[in-house]
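*Asks:* Sharing entry.cif here; it has mmCIF, C-alpha atoms and all ligand atoms; chains and numbers go by the auth columns.
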data_data
#
loop_
_atom_site.group_PDB
_atom_site.id
_atom_site.type_symbol
_atom_site.label_atom_id
_atom_site.label_comp_id
_atom_site.label_asym_id
_atom_site.label_seq_id
_atom_site.Cartn_x
_atom_site.Cartn_y
_atom_site.Cartn_z
_atom_site.B_iso_or_equiv
_atom_site.auth_seq_id
_atom_site.auth_asym_id
ATOM 1 C CA MET A 1 0.000 0.000 0.000 0.00 173 A
ATOM 2 C CA VAL A 2 1.403 3.356 -1.020 0.00 174 A
ATOM 3 C CA ARG A 3 2.219 5.626 1.946 0.00 175 A
ATOM 4 C CA LEU A 4 1.183 9.287 2.173 0.00 176 A
ATOM 5 C CA GLY A 5 3.545 11.928 3.531 0.00 177 A
ATOM 6 C CA VAL A 6 1.701 15.203 4.217 0.00 178 A
ATOM 7 C CA ASN A 7 3.720 18.383 3.709 0.00 179 A
ATOM 8 C CA VAL A 8 2.628 21.057 6.212 0.00 180 A
ATOM 9 C CA ASP A 9 4.684 23.992 4.854 0.00 181 A
ATOM 10 C CA HIS A 10 1.621 25.853 3.549 0.00 182 A
ATOM 11 C CA ILE A 11 0.049 25.940 7.007 0.00 183 A
ATOM 12 C CA ALA A 12 3.154 27.805 8.156 0.00 184 A
ATOM 13 C CA THR A 13 2.874 30.067 5.093 0.00 185 A
ATOM 14 C CA ILE A 14 -0.625 31.140 6.203 0.00 186 A
ATOM 15 C CA ARG A 15 0.675 31.771 9.739 0.00 187 A
ATOM 16 C CA GLU A 16 3.554 33.860 8.402 0.00 188 A
ATOM 17 C CA ALA A 17 1.133 36.011 6.363 0.00 189 A
ATOM 18 C CA ARG A 18 0.362 37.636 9.750 0.00 190 A
ATOM 19 C CA LYS A 19 3.512 36.647 11.639 0.00 191 A
ATOM 20 C CA SER A 20 1.165 35.264 14.286 0.00 192 A
ATOM 21 C CA LYS A 21 0.801 31.985 16.175 0.00 193 A
ATOM 22 C CA GLU A 22 -1.884 30.379 14.048 0.00 194 A
ATOM 23 C CA PRO A 23 -2.486 28.217 12.163 0.00 195 A
ATOM 24 C CA ASP A 24 0.237 26.057 13.674 0.00 196 A
ATOM 25 C CA PRO A 25 1.845 23.485 11.337 0.00 197 A
ATOM 26 C CA VAL A 26 2.463 21.278 14.363 0.00 198 A
ATOM 27 C CA ALA A 27 -1.293 21.104 15.081 0.00 199 A
ATOM 28 C CA ALA A 28 -1.889 20.372 11.369 0.00 200 A
ATOM 29 C CA ALA A 29 0.652 17.546 11.514 0.00 201 A
ATOM 30 C CA LEU A 30 -1.132 15.931 14.449 0.00 202 A
ATOM 31 C CA LEU A 31 -4.498 16.157 12.673 0.00 203 A
ATOM 32 C CA ALA A 32 -2.952 14.687 9.505 0.00 204 A
ATOM 33 C CA GLU A 33 -1.699 11.753 11.563 0.00 205 A
ATOM 34 C CA ILE A 34 -5.124 11.270 13.159 0.00 206 A
ATOM 35 C CA ALA A 35 -6.569 11.154 9.621 0.00 207 A
ATOM 36 C CA GLY A 36 -4.140 8.364 8.709 0.00 208 A
ATOM 37 C CA ALA A 37 -1.105 10.098 7.195 0.00 209 A
ATOM 38 C CA ASP A 38 1.925 7.811 7.207 0.00 210 A
ATOM 39 C CA GLY A 39 4.381 10.662 7.624 0.00 211 A
ATOM 40 C CA ILE A 40 4.856 14.411 7.953 0.00 212 A
ATOM 41 C CA VAL A 41 7.082 16.409 5.629 0.00 213 A
ATOM 42 C CA CYS A 42 8.403 19.934 6.128 0.00 214 A
ATOM 43 C CA HIS A 43 10.971 22.058 4.321 0.00 215 A
ATOM 44 C CA LEU A 44 13.240 24.206 6.490 0.00 216 A
ATOM 45 C CA ARG A 45 14.386 26.836 4.011 0.00 217 A
ATOM 46 C CA GLU A 46 17.507 28.923 4.378 0.00 218 A
ATOM 47 C CA ASP A 47 15.384 32.091 4.727 0.00 219 A
ATOM 48 C CA ARG A 48 12.890 30.413 7.134 0.00 220 A
ATOM 49 C CA ARG A 49 10.035 31.868 5.160 0.00 221 A
ATOM 50 C CA HIS A 50 7.486 29.321 6.372 0.00 222 A
ATOM 51 C CA ILE A 51 8.703 26.488 8.618 0.00 223 A
ATOM 52 C CA LYS A 52 10.801 27.815 11.544 0.00 224 A
ATOM 53 C CA ASP A 53 13.378 26.045 13.697 0.00 225 A
ATOM 54 C CA ARG A 54 10.774 25.968 16.467 0.00 226 A
ATOM 55 C CA ASP A 55 8.332 24.070 14.226 0.00 227 A
ATOM 56 C CA LEU A 56 10.939 21.490 13.288 0.00 228 A
ATOM 57 C CA SER A 57 11.961 20.840 16.847 0.00 229 A
ATOM 58 C CA LEU A 58 8.321 20.517 17.995 0.00 230 A
ATOM 59 C CA LEU A 59 7.512 18.242 15.033 0.00 231 A
ATOM 60 C CA LYS A 60 10.383 15.993 16.072 0.00 232 A
ATOM 61 C CA GLN A 61 8.886 15.799 19.552 0.00 233 A
ATOM 62 C CA VAL A 62 5.258 15.116 18.600 0.00 234 A
ATOM 63 C CA VAL A 63 5.198 13.309 15.244 0.00 235 A
ATOM 64 C CA LYS A 64 4.530 9.632 15.911 0.00 236 A
ATOM 65 C CA THR A 65 4.688 8.317 12.355 0.00 237 A
ATOM 66 C CA HIS A 66 7.689 9.445 10.294 0.00 238 A
ATOM 67 C CA LEU A 67 9.311 12.870 9.996 0.00 239 A
ATOM 68 C CA ASN A 68 10.853 13.749 6.640 0.00 240 A
ATOM 69 C CA LEU A 69 12.899 16.968 6.594 0.00 241 A
ATOM 70 C CA GLU A 70 13.395 18.548 3.170 0.00 242 A
ATOM 71 C CA MET A 71 16.475 20.737 3.040 0.00 243 A
ATOM 72 C CA GLY A 72 19.232 22.122 0.856 0.00 244 A
ATOM 73 C CA ALA A 73 22.578 20.292 1.125 0.00 245 A
ATOM 74 C CA THR A 74 24.309 23.105 3.029 0.00 246 A
ATOM 75 C CA ASN A 75 26.531 22.888 6.125 0.00 247 A
ATOM 76 C CA GLU A 76 23.979 24.805 8.165 0.00 248 A
ATOM 77 C CA MET A 77 21.194 22.370 7.275 0.00 249 A
ATOM 78 C CA VAL A 78 23.321 19.260 7.756 0.00 250 A
ATOM 79 C CA ASN A 79 24.181 20.481 11.275 0.00 251 A
ATOM 80 C CA LYS A 80 20.511 21.184 11.923 0.00 252 A
ATOM 81 C CA ALA A 81 19.532 17.683 10.777 0.00 253 A
ATOM 82 C CA ILE A 82 22.156 16.108 13.042 0.00 254 A
ATOM 83 C CA GLN A 83 20.844 18.157 15.962 0.00 255 A
ATOM 84 C CA ILE A 84 17.152 17.305 15.357 0.00 256 A
ATOM 85 C CA LEU A 85 17.532 13.761 13.968 0.00 257 A
ATOM 86 C CA PRO A 86 14.444 13.434 11.738 0.00 258 A
ATOM 87 C CA ASP A 87 13.693 9.931 10.446 0.00 259 A
ATOM 88 C CA MET A 88 14.542 10.985 6.901 0.00 260 A
ATOM 89 C CA VAL A 89 16.215 13.879 5.130 0.00 261 A
ATOM 90 C CA THR A 90 15.260 14.672 1.543 0.00 262 A
ATOM 91 C CA LEU A 91 17.943 16.748 -0.125 0.00 263 A
ATOM 92 C CA VAL A 92 16.478 19.306 -2.517 0.00 264 A
ATOM 93 C CA PRO A 93 17.999 22.085 -4.616 0.00 265 A
ATOM 94 C CA GLU A 94 17.180 25.477 -3.127 0.00 266 A
ATOM 95 C CA ARG A 95 17.149 28.870 -4.731 0.00 267 A
ATOM 96 C CA ARG A 96 16.116 31.847 -2.677 0.00 268 A
ATOM 97 C CA GLN A 97 13.802 33.436 -5.222 0.00 269 A
ATOM 98 C CA GLU A 98 11.798 30.347 -6.156 0.00 270 A
ATOM 99 C CA LEU A 99 8.179 29.978 -4.999 0.00 271 A
ATOM 100 C CA THR A 100 8.653 26.257 -4.444 0.00 272 A
ATOM 101 C CA THR A 101 11.314 23.654 -5.258 0.00 273 A
ATOM 102 C CA GLU A 102 11.510 24.089 -9.003 0.00 274 A
ATOM 103 C CA GLY A 103 13.673 21.252 -10.280 0.00 275 A
ATOM 104 C CA GLY A 104 15.447 18.139 -9.122 0.00 276 A
ATOM 105 C CA LEU A 105 18.939 17.962 -7.642 0.00 277 A
ATOM 106 C CA ASP A 106 21.857 17.867 -10.061 0.00 278 A
ATOM 107 C CA VAL A 107 23.159 14.645 -8.505 0.00 279 A
ATOM 108 C CA ALA A 108 25.503 13.745 -11.352 0.00 280 A
ATOM 109 C CA GLY A 109 27.067 17.245 -11.296 0.00 281 A
ATOM 110 C CA ASN A 110 27.636 17.341 -7.513 0.00 282 A
ATOM 111 C CA ALA A 111 28.329 13.684 -6.820 0.00 283 A
ATOM 112 C CA SER A 112 31.353 13.908 -4.540 0.00 284 A
ATOM 113 C CA TYR A 113 29.937 16.750 -2.408 0.00 285 A
ATOM 114 C CA LEU A 114 26.585 14.970 -2.064 0.00 286 A
ATOM 115 C CA GLU A 115 28.331 11.688 -1.244 0.00 287 A
ATOM 116 C CA GLU A 116 29.941 13.373 1.759 0.00 288 A
ATOM 117 C CA VAL A 117 26.646 14.910 2.914 0.00 289 A
ATOM 118 C CA ILE A 118 24.831 11.564 2.549 0.00 290 A
ATOM 119 C CA SER A 119 27.488 9.741 4.497 0.00 291 A
ATOM 120 C CA THR A 120 27.402 12.318 7.343 0.00 292 A
ATOM 121 C CA LEU A 121 23.619 11.995 7.610 0.00 293 A
ATOM 122 C CA ARG A 122 23.618 8.189 7.396 0.00 294 A
ATOM 123 C CA VAL A 123 26.264 7.880 10.121 0.00 295 A
ATOM 124 C CA ASN A 124 23.682 9.643 12.297 0.00 296 A
ATOM 125 C CA ASN A 125 21.047 7.021 11.395 0.00 297 A
ATOM 126 C CA ILE A 126 19.093 9.363 9.143 0.00 298 A
ATOM 127 C CA VAL A 127 17.636 7.772 6.003 0.00 299 A
ATOM 128 C CA VAL A 128 18.594 9.907 2.996 0.00 300 A
ATOM 129 C CA SER A 129 16.480 10.607 -0.069 0.00 301 A
ATOM 130 C CA LEU A 130 17.448 12.701 -3.107 0.00 302 A
ATOM 131 C CA PHE A 131 14.775 14.713 -4.927 0.00 303 A
ATOM 132 C CA ILE A 132 15.528 14.203 -8.621 0.00 304 A
ATOM 133 C CA GLU A 133 14.062 14.509 -12.084 0.00 305 A
ATOM 134 C CA PRO A 134 13.170 11.061 -13.463 0.00 306 A
ATOM 135 C CA ASP A 135 16.532 10.672 -15.224 0.00 307 A
ATOM 136 C CA ILE A 136 18.668 7.536 -15.375 0.00 308 A
ATOM 137 C CA TYR A 137 22.002 9.352 -14.803 0.00 309 A
ATOM 138 C CA HIS A 138 20.784 10.890 -11.564 0.00 310 A
ATOM 139 C CA ILE A 139 19.323 7.561 -10.439 0.00 311 A
ATOM 140 C CA LYS A 140 22.532 5.636 -11.105 0.00 312 A
ATOM 141 C CA THR A 141 24.629 8.302 -9.380 0.00 313 A
ATOM 142 C CA ALA A 142 22.233 8.407 -6.424 0.00 314 A
ATOM 143 C CA ALA A 143 22.772 4.670 -5.894 0.00 315 A
ATOM 144 C CA LYS A 144 26.530 4.981 -6.358 0.00 316 A
ATOM 145 C CA ILE A 145 26.936 7.731 -3.757 0.00 317 A
ATOM 146 C CA GLY A 146 24.953 5.897 -1.105 0.00 318 A
ATOM 147 C CA ALA A 147 21.434 7.391 -1.117 0.00 319 A
ATOM 148 C CA ASP A 148 18.714 5.184 0.382 0.00 320 A
ATOM 149 C CA TYR A 149 15.831 6.656 -1.619 0.00 321 A
ATOM 150 C CA VAL A 150 15.128 8.812 -4.627 0.00 322 A
ATOM 151 C CA GLU A 151 12.035 11.012 -4.711 0.00 323 A
ATOM 152 C CA LEU A 152 10.961 11.396 -8.326 0.00 324 A
ATOM 153 C CA HIS A 153 9.884 14.934 -9.238 0.00 325 A
ATOM 154 C CA THR A 154 6.342 14.715 -10.646 0.00 326 A
ATOM 155 C CA GLY A 155 6.137 18.412 -11.589 0.00 327 A
ATOM 156 C CA LEU A 156 6.424 17.950 -15.364 0.00 328 A
ATOM 157 C CA TYR A 157 3.704 15.274 -15.270 0.00 329 A
ATOM 158 C CA ALA A 158 1.462 17.433 -13.069 0.00 330 A
ATOM 159 C CA ASN A 159 1.917 20.507 -15.271 0.00 331 A
ATOM 160 C CA ALA A 160 1.593 18.745 -18.640 0.00 332 A
ATOM 161 C CA GLN A 161 -1.238 20.329 -20.622 0.00 333 A
ATOM 162 C CA ASP A 162 -1.982 17.894 -23.433 0.00 334 A
ATOM 163 C CA LEU A 163 -2.649 14.201 -23.163 0.00 335 A
ATOM 164 C CA ASN A 164 0.427 13.148 -25.164 0.00 336 A
ATOM 165 C CA ARG A 165 2.706 14.995 -22.756 0.00 337 A
ATOM 166 C CA VAL A 166 0.871 13.526 -19.760 0.00 338 A
ATOM 167 C CA VAL A 167 1.356 10.001 -21.131 0.00 339 A
ATOM 168 C CA GLU A 168 4.992 10.712 -21.980 0.00 340 A
ATOM 169 C CA GLU A 169 5.795 12.049 -18.492 0.00 341 A
ATOM 170 C CA LEU A 170 3.899 9.198 -16.854 0.00 342 A
ATOM 171 C CA GLU A 171 5.879 6.639 -18.855 0.00 343 A
ATOM 172 C CA LYS A 172 9.121 8.337 -17.863 0.00 344 A
ATOM 173 C CA LEU A 173 8.137 8.187 -14.179 0.00 345 A
ATOM 174 C CA ARG A 174 7.086 4.553 -14.512 0.00 346 A
ATOM 175 C CA SER A 175 10.290 3.416 -16.202 0.00 347 A
ATOM 176 C CA MET A 176 12.546 5.439 -13.879 0.00 348 A
ATOM 177 C CA ALA A 177 10.731 4.088 -10.803 0.00 349 A
ATOM 178 C CA MET A 178 11.416 0.578 -12.112 0.00 350 A
ATOM 179 C CA ALA A 179 15.061 1.387 -12.830 0.00 351 A
ATOM 180 C CA ALA A 180 15.588 2.894 -9.370 0.00 352 A
ATOM 181 C CA ALA A 181 13.957 -0.039 -7.583 0.00 353 A
ATOM 182 C CA LYS A 182 15.977 -2.490 -9.684 0.00 354 A
ATOM 183 C CA ILE A 183 19.281 -1.040 -8.503 0.00 355 A
ATOM 184 C CA GLY A 184 18.113 -1.201 -4.900 0.00 356 A
ATOM 185 C CA LEU A 185 16.884 2.327 -4.204 0.00 357 A
ATOM 186 C CA GLY A 186 13.651 3.041 -2.354 0.00 358 A
ATOM 187 C CA VAL A 187 11.323 5.141 -4.508 0.00 359 A
ATOM 188 C CA SER A 188 8.964 7.961 -3.578 0.00 360 A
ATOM 189 C CA ALA A 189 7.452 10.745 -5.662 0.00 361 A
ATOM 190 C CA GLY A 190 5.922 14.160 -5.303 0.00 362 A
ATOM 191 C CA HIS A 191 5.360 17.745 -6.377 0.00 363 A
ATOM 192 C CA GLY A 192 2.192 19.094 -7.931 0.00 364 A
ATOM 193 C CA LEU A 193 0.151 15.973 -7.196 0.00 365 A
ATOM 194 C CA ASP A 194 -3.548 16.661 -6.669 0.00 366 A
ATOM 195 C CA TYR A 195 -6.918 14.923 -6.413 0.00 367 A
ATOM 196 C CA GLN A 196 -7.155 14.637 -10.215 0.00 368 A
ATOM 197 C CA ASN A 197 -3.670 13.485 -11.205 0.00 369 A
ATOM 198 C CA VAL A 198 -2.560 11.314 -8.264 0.00 370 A
ATOM 199 C CA GLY A 199 -4.373 8.110 -9.322 0.00 371 A
ATOM 200 C CA GLU A 200 -2.058 7.167 -12.177 0.00 372 A
ATOM 201 C CA ILE A 201 1.049 7.812 -10.083 0.00 373 A
ATOM 202 C CA ALA A 202 -0.301 5.759 -7.185 0.00 374 A
ATOM 203 C CA LYS A 203 -0.652 2.807 -9.594 0.00 375 A
ATOM 204 C CA ILE A 204 3.116 2.668 -10.212 0.00 376 A
ATOM 205 C CA GLU A 205 4.088 -0.429 -8.276 0.00 377 A
ATOM 206 C CA GLN A 206 7.621 0.624 -7.311 0.00 378 A
ATOM 207 C CA ILE A 207 6.548 3.929 -5.739 0.00 379 A
ATOM 208 C CA GLU A 208 6.375 3.352 -1.999 0.00 380 A
ATOM 209 C CA GLU A 209 5.392 6.835 -0.866 0.00 381 A
ATOM 210 C CA LEU A 210 3.840 10.048 -2.180 0.00 382 A
ATOM 211 C CA ASN A 211 4.604 13.413 -0.611 0.00 383 A
ATOM 212 C CA ILE A 212 1.815 15.936 -1.081 0.00 384 A
ATOM 213 C CA GLY A 213 1.307 19.435 0.328 0.00 385 A
ATOM 214 C CA HIS A 214 -0.323 22.151 -1.766 0.00 386 A
ATOM 215 C CA SER A 215 -3.437 20.307 -2.882 0.00 387 A
ATOM 216 C CA ILE A 216 -4.150 18.853 0.571 0.00 388 A
ATOM 217 C CA VAL A 217 -3.766 22.182 2.403 0.00 389 A
ATOM 218 C CA GLY A 218 -5.790 23.867 -0.371 0.00 390 A
ATOM 219 C CA ARG A 219 -8.616 21.385 0.011 0.00 391 A
ATOM 220 C CA ALA A 220 -8.468 21.595 3.798 0.00 392 A
ATOM 221 C CA SER A 221 -9.066 25.351 3.568 0.00 393 A
ATOM 222 C CA LEU A 222 -12.197 24.735 1.498 0.00 394 A
ATOM 223 C CA VAL A 223 -13.726 21.731 3.219 0.00 395 A
ATOM 224 C CA GLY A 224 -13.117 23.444 6.563 0.00 396 A
ATOM 225 C CA MET A 225 -14.644 26.793 5.509 0.00 397 A
ATOM 226 C CA GLU A 226 -18.263 25.976 6.316 0.00 398 A
ATOM 227 C CA ARG A 227 -17.427 24.811 9.828 0.00 399 A
ATOM 228 C CA ALA A 228 -15.143 27.786 10.482 0.00 400 A
ATOM 229 C CA VAL A 229 -17.855 30.278 9.448 0.00 401 A
ATOM 230 C CA ARG A 230 -20.520 28.494 11.505 0.00 402 A
ATOM 231 C CA ASP A 231 -18.240 28.584 14.569 0.00 403 A
ATOM 232 C CA MET A 232 -17.709 32.336 14.185 0.00 404 A
ATOM 233 C CA ILE A 233 -21.443 33.024 13.672 0.00 405 A
ATOM 234 C CA HIS A 234 -22.173 31.017 16.790 0.00 406 A
ATOM 235 C CA LEU A 235 -19.806 33.275 18.782 0.00 407 A
ATOM 236 C CA ILE A 236 -21.041 36.624 17.494 0.00 408 A
ATOM 237 C CA ARG A 237 -24.799 36.003 17.619 0.00 409 A
HETATM 238 N N1 LIG B . 8.379 16.764 -2.516 0.00 1 B
HETATM 239 C C1 LIG B . 9.307 17.753 -2.502 0.00 1 B
HETATM 240 C C2 LIG B . 10.746 17.365 -2.529 0.00 1 B
HETATM 241 C C3 LIG B . 8.931 19.102 -2.435 0.00 1 B
HETATM 242 O O1 LIG B . 9.877 20.067 -2.414 0.00 1 B
HETATM 243 C C4 LIG B . 7.557 19.423 -2.353 0.00 1 B
HETATM 244 C C5 LIG B . 7.130 20.852 -2.212 0.00 1 B
HETATM 245 O O2 LIG B . 7.549 21.341 -0.974 0.00 1 B
HETATM 246 C C6 LIG B . 6.621 18.365 -2.367 0.00 1 B
HETATM 247 C C7 LIG B . 7.053 17.051 -2.473 0.00 1 B
HETATM 248 C C8 LIG B . 5.149 18.620 -2.285 0.00 1 B
HETATM 249 O O3 LIG B . 4.719 19.314 -3.417 0.00 1 B
HETATM 250 P P1 LIG B . 3.264 19.933 -3.449 0.00 1 B
HETATM 251 O O4 LIG B . 3.197 20.994 -2.378 0.00 1 B
HETATM 252 O O5 LIG B . 3.148 20.496 -4.823 0.00 1 B
HETATM 253 O O6 LIG B . 2.300 18.811 -3.183 0.00 1 B
#
Once you've parsed the file, please lay out its structure as structure tokens.
Ligand code: PXP
*Replies:*
Amino acid sequence: MVRLGVNVDHIATIREARKSKEPDPVAAALLAEIAGADGIVCHLREDRRHIKDRDLSLLKQVVKTHLNLEMGATNEMVNKAIQILPDMVTLVPERRQELTTEGGLDVAGNASYLEEVISTLRVNNIVVSLFIEPDIYHIKTAAKIGADYVELHTGLYANAQDLNRVVEELEKLRSMAMAAAKIGLGVSAGHGLDYQNVGEIAKIEQIEELNIGHSIVGRASLVGMERAVRDMIHLIR
């Protein structure tokens, strides 16, 4: 059965719109677990624009399932990971100006540096995943430098406009998931997955876990709207 990792970054983004205390991504993580999530994912960015150090350290204390920390492969973040000890670290490329993680890691181009980072994390019993485009060179290098998992970037599939492109991207994800599993890597996938496009990805046998944030937090804000308005009306009348 495919596992679901729920990314709670957007809850922190709403909180930071007012620099206030709510909504708290830690509370959202607990509710996601109650609803059956298999894991919680958060991205501690260099500029701390949504998830803060405080959130990460509380998540480590309260998450009962599996905590997956997305981070850039910098010294600062590696030290942070060693201090917090999440169950898994997913290394992602990070550019300051981007709205979200825009592409996969250039594993083949940074192999020796990433090998060192992976080994430091693994010595501390952290499972390491690399967020990559579905590309055979990155997959082979990921295995060679000691990664445990690859997370296949589903952005091109999710953004494809015409059916031919959708089929093409889906085939690429399917064949790369098979290739990664065949050389012994664990396989997960994510980015841009929503209630319409997730079905085909979930059918790919080698994909063990899907990490989803935007569409779940977006839907939560809508399905929770009626209740939130009723609660406020109850208070003011
Ligand atoms: N996986 C990785 C590595 C990501 O960077 C993100 C976005 O933070 C996701 C999954 C989730 O993507 P989305 O928010 O589009 O569901």
*Asks:* Taking all atoms listed in the file into account, name the residue in A:Ala330, A:Leu324, A:Ala319, A:Ile355 that is nearest to Ile298 (chain A).
*Replies:*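 Of A:Ala330, A:Leu324, A:Ala319, A:Ile355, the one nearest Ile298 (chain A) is A:Ala319, counting all atoms listed in the file.
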*Asks:* Edge lengths and centre, in Å to one decimal, as JSON: that's what I need for the box along x, y and z that holds all listed atoms of region 341-352 of chain A plus 5 Å on each side.
*Replies:*
{"center_x": 9.7, "center_y": 6.3, "center_z": -14.1, "size_x": 21.7, "size_y": 21.5, "size_z": 19.5}
*Asks:* Measuring between only C-alpha atoms and all ligand atoms, which one of A:Asp259, A:Glu341, A:Glu381, A:Glu288 shows the shortest distance to ligand LIG 1 (chain B)?
*Replies:*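 Checking each candidate against ligand LIG 1 (chain B), we get A:Glu381 as the closest.
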*Asks:* Could the residues that lie within 9 Å of ligand LIG 1 (chain B), counting all atoms listed in the file, be listed as a ChimeraX atom specification?
*Replies:* /A:177-182,213-215,242-243,262-265,272-276,302-304,323-327,330,360-366,382-389
*Asks:* I'd like the interatomic distance between CA of Ser301 (chain A) and CA of Val322 (chain A), to a tenth of an Å.
*Replies:*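 Answer for the CA of Ser301 (chain A) to CA of Val322 (chain A) separation: 5.1 Å.
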*Asks:* Can you work out the spacing between CA of Asp225 (chain A) and CA of Ala392 (chain A) in Å, to one decimal?
*Replies:*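 Atom-to-atom, CA of Asp225 (chain A) and CA of Ala392 (chain A) are spaced 24.4 Å apart.
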*Asks:* May I ask for the distance between CA of Ile379 (chain A) and CA of Ile311 (chain A), given in Å to one decimal place?
*Replies:*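 CA of Ile379 (chain A) sits 14.1 Å away from CA of Ile311 (chain A).
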*Asks:* Take the PyMOL selection byres (((chain A and resi 230) around 12) and not hetatm), run it mentally on this structure, and tell me the resulting residues as a count of residues only.
*Replies:* 23
*Asks:* I need the residue nearest Glu218 (chain A) from this list: A:Lys252, A:Arg294, A:Lys191, A:Arg409. Use all atoms listed in the file for the distance.
*Replies:* A:Lys252
*Asks:* Counting only C-alpha atoms, which residue out of A:Asp334, A:Ala283, A:Leu293, A:Lys193 sits closest to Lys316 (chain A)?
*Replies:* A:Ala283
*Asks:* Counting only C-alpha atoms, I want the residues whose atoms come within 12 Å of (23.5, 5.4, -5.6) in the file frame, returned as a compact mmCIF listing (two decimals) with C-alpha atoms, in the coordinates of the input.
*Replies:*
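This went into out.txt:
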# COMPACT_ATOMS: atom_id res chain seq x y z
CA VAL A 279 23.16 14.64 -8.51
CA ALA A 280 25.50 13.74 -11.35
CA ALA A 283 28.33 13.68 -6.82
CA SER A 284 31.35 13.91 -4.54
CA LEU A 286 26.58 14.97 -2.06
CA GLU A 287 28.33 11.69 -1.24
CA ILE A 290 24.83 11.56 2.55
CA SER A 291 27.49 9.74 4.50
CA VAL A 300 18.59 9.91 3.00
CA SER A 301 16.48 10.61 -0.07
CA LEU A 302 17.45 12.70 -3.11
CA ILE A 308 18.67 7.54 -15.38
CA TYR A 309 22.00 9.35 -14.80
CA HIS A 310 20.78 10.89 -11.56
CA ILE A 311 19.32 7.56 -10.44
CA LYS A 312 22.53 5.64 -11.10
CA THR A 313 24.63 8.30 -9.38
CA ALA A 314 22.23 8.41 -6.42
CA ALA A 315 22.77 4.67 -5.89
CA LYS A 316 26.53 4.98 -6.36
CA ILE A 317 26.94 7.73 -3.76
CA GLY A 318 24.95 5.90 -1.10
CA ALA A 319 21.43 7.39 -1.12
CA ASP A 320 18.71 5.18 0.38
CA TYR A 321 15.83 6.66 -1.62
CA VAL A 322 15.13 8.81 -4.63
CA ALA A 351 15.06 1.39 -12.83
CA ALA A 352 15.59 2.89 -9.37
CA ALA A 353 13.96 -0.04 -7.58
CA LYS A 354 15.98 -2.49 -9.68
CA ILE A 355 19.28 -1.04 -8.50
CA GLY A 356 18.11 -1.20 -4.90
CA LEU A 357 16.88 2.33 -4.20
CA GLY A 358 13.65 3.04 -2.35
*Asks:* Select, from A:Met249, A:Ile206, A:Leu342, A:Ile186, the residue with the minimum atom-to-atom distance to Asp219 (chain A), counting only C-alpha atoms.
*Replies:*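 That would be A:Met249, the residue with the smallest distance to Asp219 (chain A).
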*Asks:* Residues at most 7 Å from Ala374 (chain A), counting only C-alpha atoms, excluding those fewer than 3 positions away in the same chain, as a list in words?
*Replies:*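 So, after excluding close chain neighbours, the residues are Val174, Val370 and Gly371 of chain A.
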*Asks:* Which is closer to Val299 (chain A) than all the others in A:Met260, A:Leu328, A:Leu241, A:Leu277, using only C-alpha atoms?
*Replies:* A:Met260
*Asks:* Could you rebuild region 243-251 of chain A with N, CA, C and O atoms and give it back as a PDB file, keeping the file's coordinate frame?
*Replies:*
ATOM      1  N   MET A 243      15.500  19.652   2.815  1.00  0.00           N
ATOM      2  CA  MET A 243      16.475  20.737   3.040  1.00  0.00           C
ATOM      3  C   MET A 243      17.499  20.805   1.922  1.00  0.00           C
ATOM      4  O   MET A 243      17.737  19.824   1.215  1.00  0.00           O
ATOM      5  N   GLY A 244      18.105  21.971   1.775  1.00  0.00           N
ATOM      6  CA  GLY A 244      19.232  22.122   0.856  1.00  0.00           C
ATOM      7  C   GLY A 244      20.451  21.427   1.471  1.00  0.00           C
ATOM      8  O   GLY A 244      20.534  21.288   2.695  1.00  0.00           O
ATOM      9  N   ALA A 245      21.403  21.034   0.623  1.00  0.00           N
ATOM     10  CA  ALA A 245      22.578  20.292   1.125  1.00  0.00           C
ATOM     11  C   ALA A 245      23.667  21.269   1.577  1.00  0.00           C
ATOM     12  O   ALA A 245      24.790  21.223   1.089  1.00  0.00           O
ATOM     13  N   THR A 246      23.325  22.131   2.541  1.00  0.00           N
ATOM     14  CA  THR A 246      24.309  23.105   3.029  1.00  0.00           C
ATOM     15  C   THR A 246      24.836  22.658   4.397  1.00  0.00           C
ATOM     16  O   THR A 246      24.183  21.859   5.079  1.00  0.00           O
ATOM     17  N   ASN A 247      25.976  23.226   4.801  1.00  0.00           N
ATOM     18  CA  ASN A 247      26.531  22.888   6.125  1.00  0.00           C
ATOM     19  C   ASN A 247      25.556  23.214   7.235  1.00  0.00           C
ATOM     20  O   ASN A 247      25.379  22.442   8.172  1.00  0.00           O
ATOM     21  N   GLU A 248      24.915  24.387   7.119  1.00  0.00           N
ATOM     22  CA  GLU A 248      23.979  24.805   8.165  1.00  0.00           C
ATOM     23  C   GLU A 248      22.870  23.761   8.334  1.00  0.00           C
ATOM     24  O   GLU A 248      22.529  23.361   9.451  1.00  0.00           O
ATOM     25  N   MET A 249      22.321  23.310   7.204  1.00  0.00           N
ATOM     26  CA  MET A 249      21.194  22.370   7.275  1.00  0.00           C
ATOM     27  C   MET A 249      21.643  20.984   7.732  1.00  0.00           C
ATOM     28  O   MET A 249      20.920  20.295   8.452  1.00  0.00           O
ATOM     29  N   VAL A 250      22.828  20.568   7.313  1.00  0.00           N
ATOM     30  CA  VAL A 250      23.321  19.260   7.756  1.00  0.00           C
ATOM     31  C   VAL A 250      23.486  19.278   9.285  1.00  0.00           C
ATOM     32  O   VAL A 250      23.071  18.346   9.986  1.00  0.00           O
ATOM     33  N   ASN A 251      24.036  20.374   9.815  1.00  0.00           N
ATOM     34  CA  ASN A 251      24.181  20.481  11.275  1.00  0.00           C
ATOM     35  C   ASN A 251      22.823  20.463  11.965  1.00  0.00           C
ATOM     36  O   ASN A 251      22.648  19.843  13.015  1.00  0.00           O
TER      37      ASN A 251
END
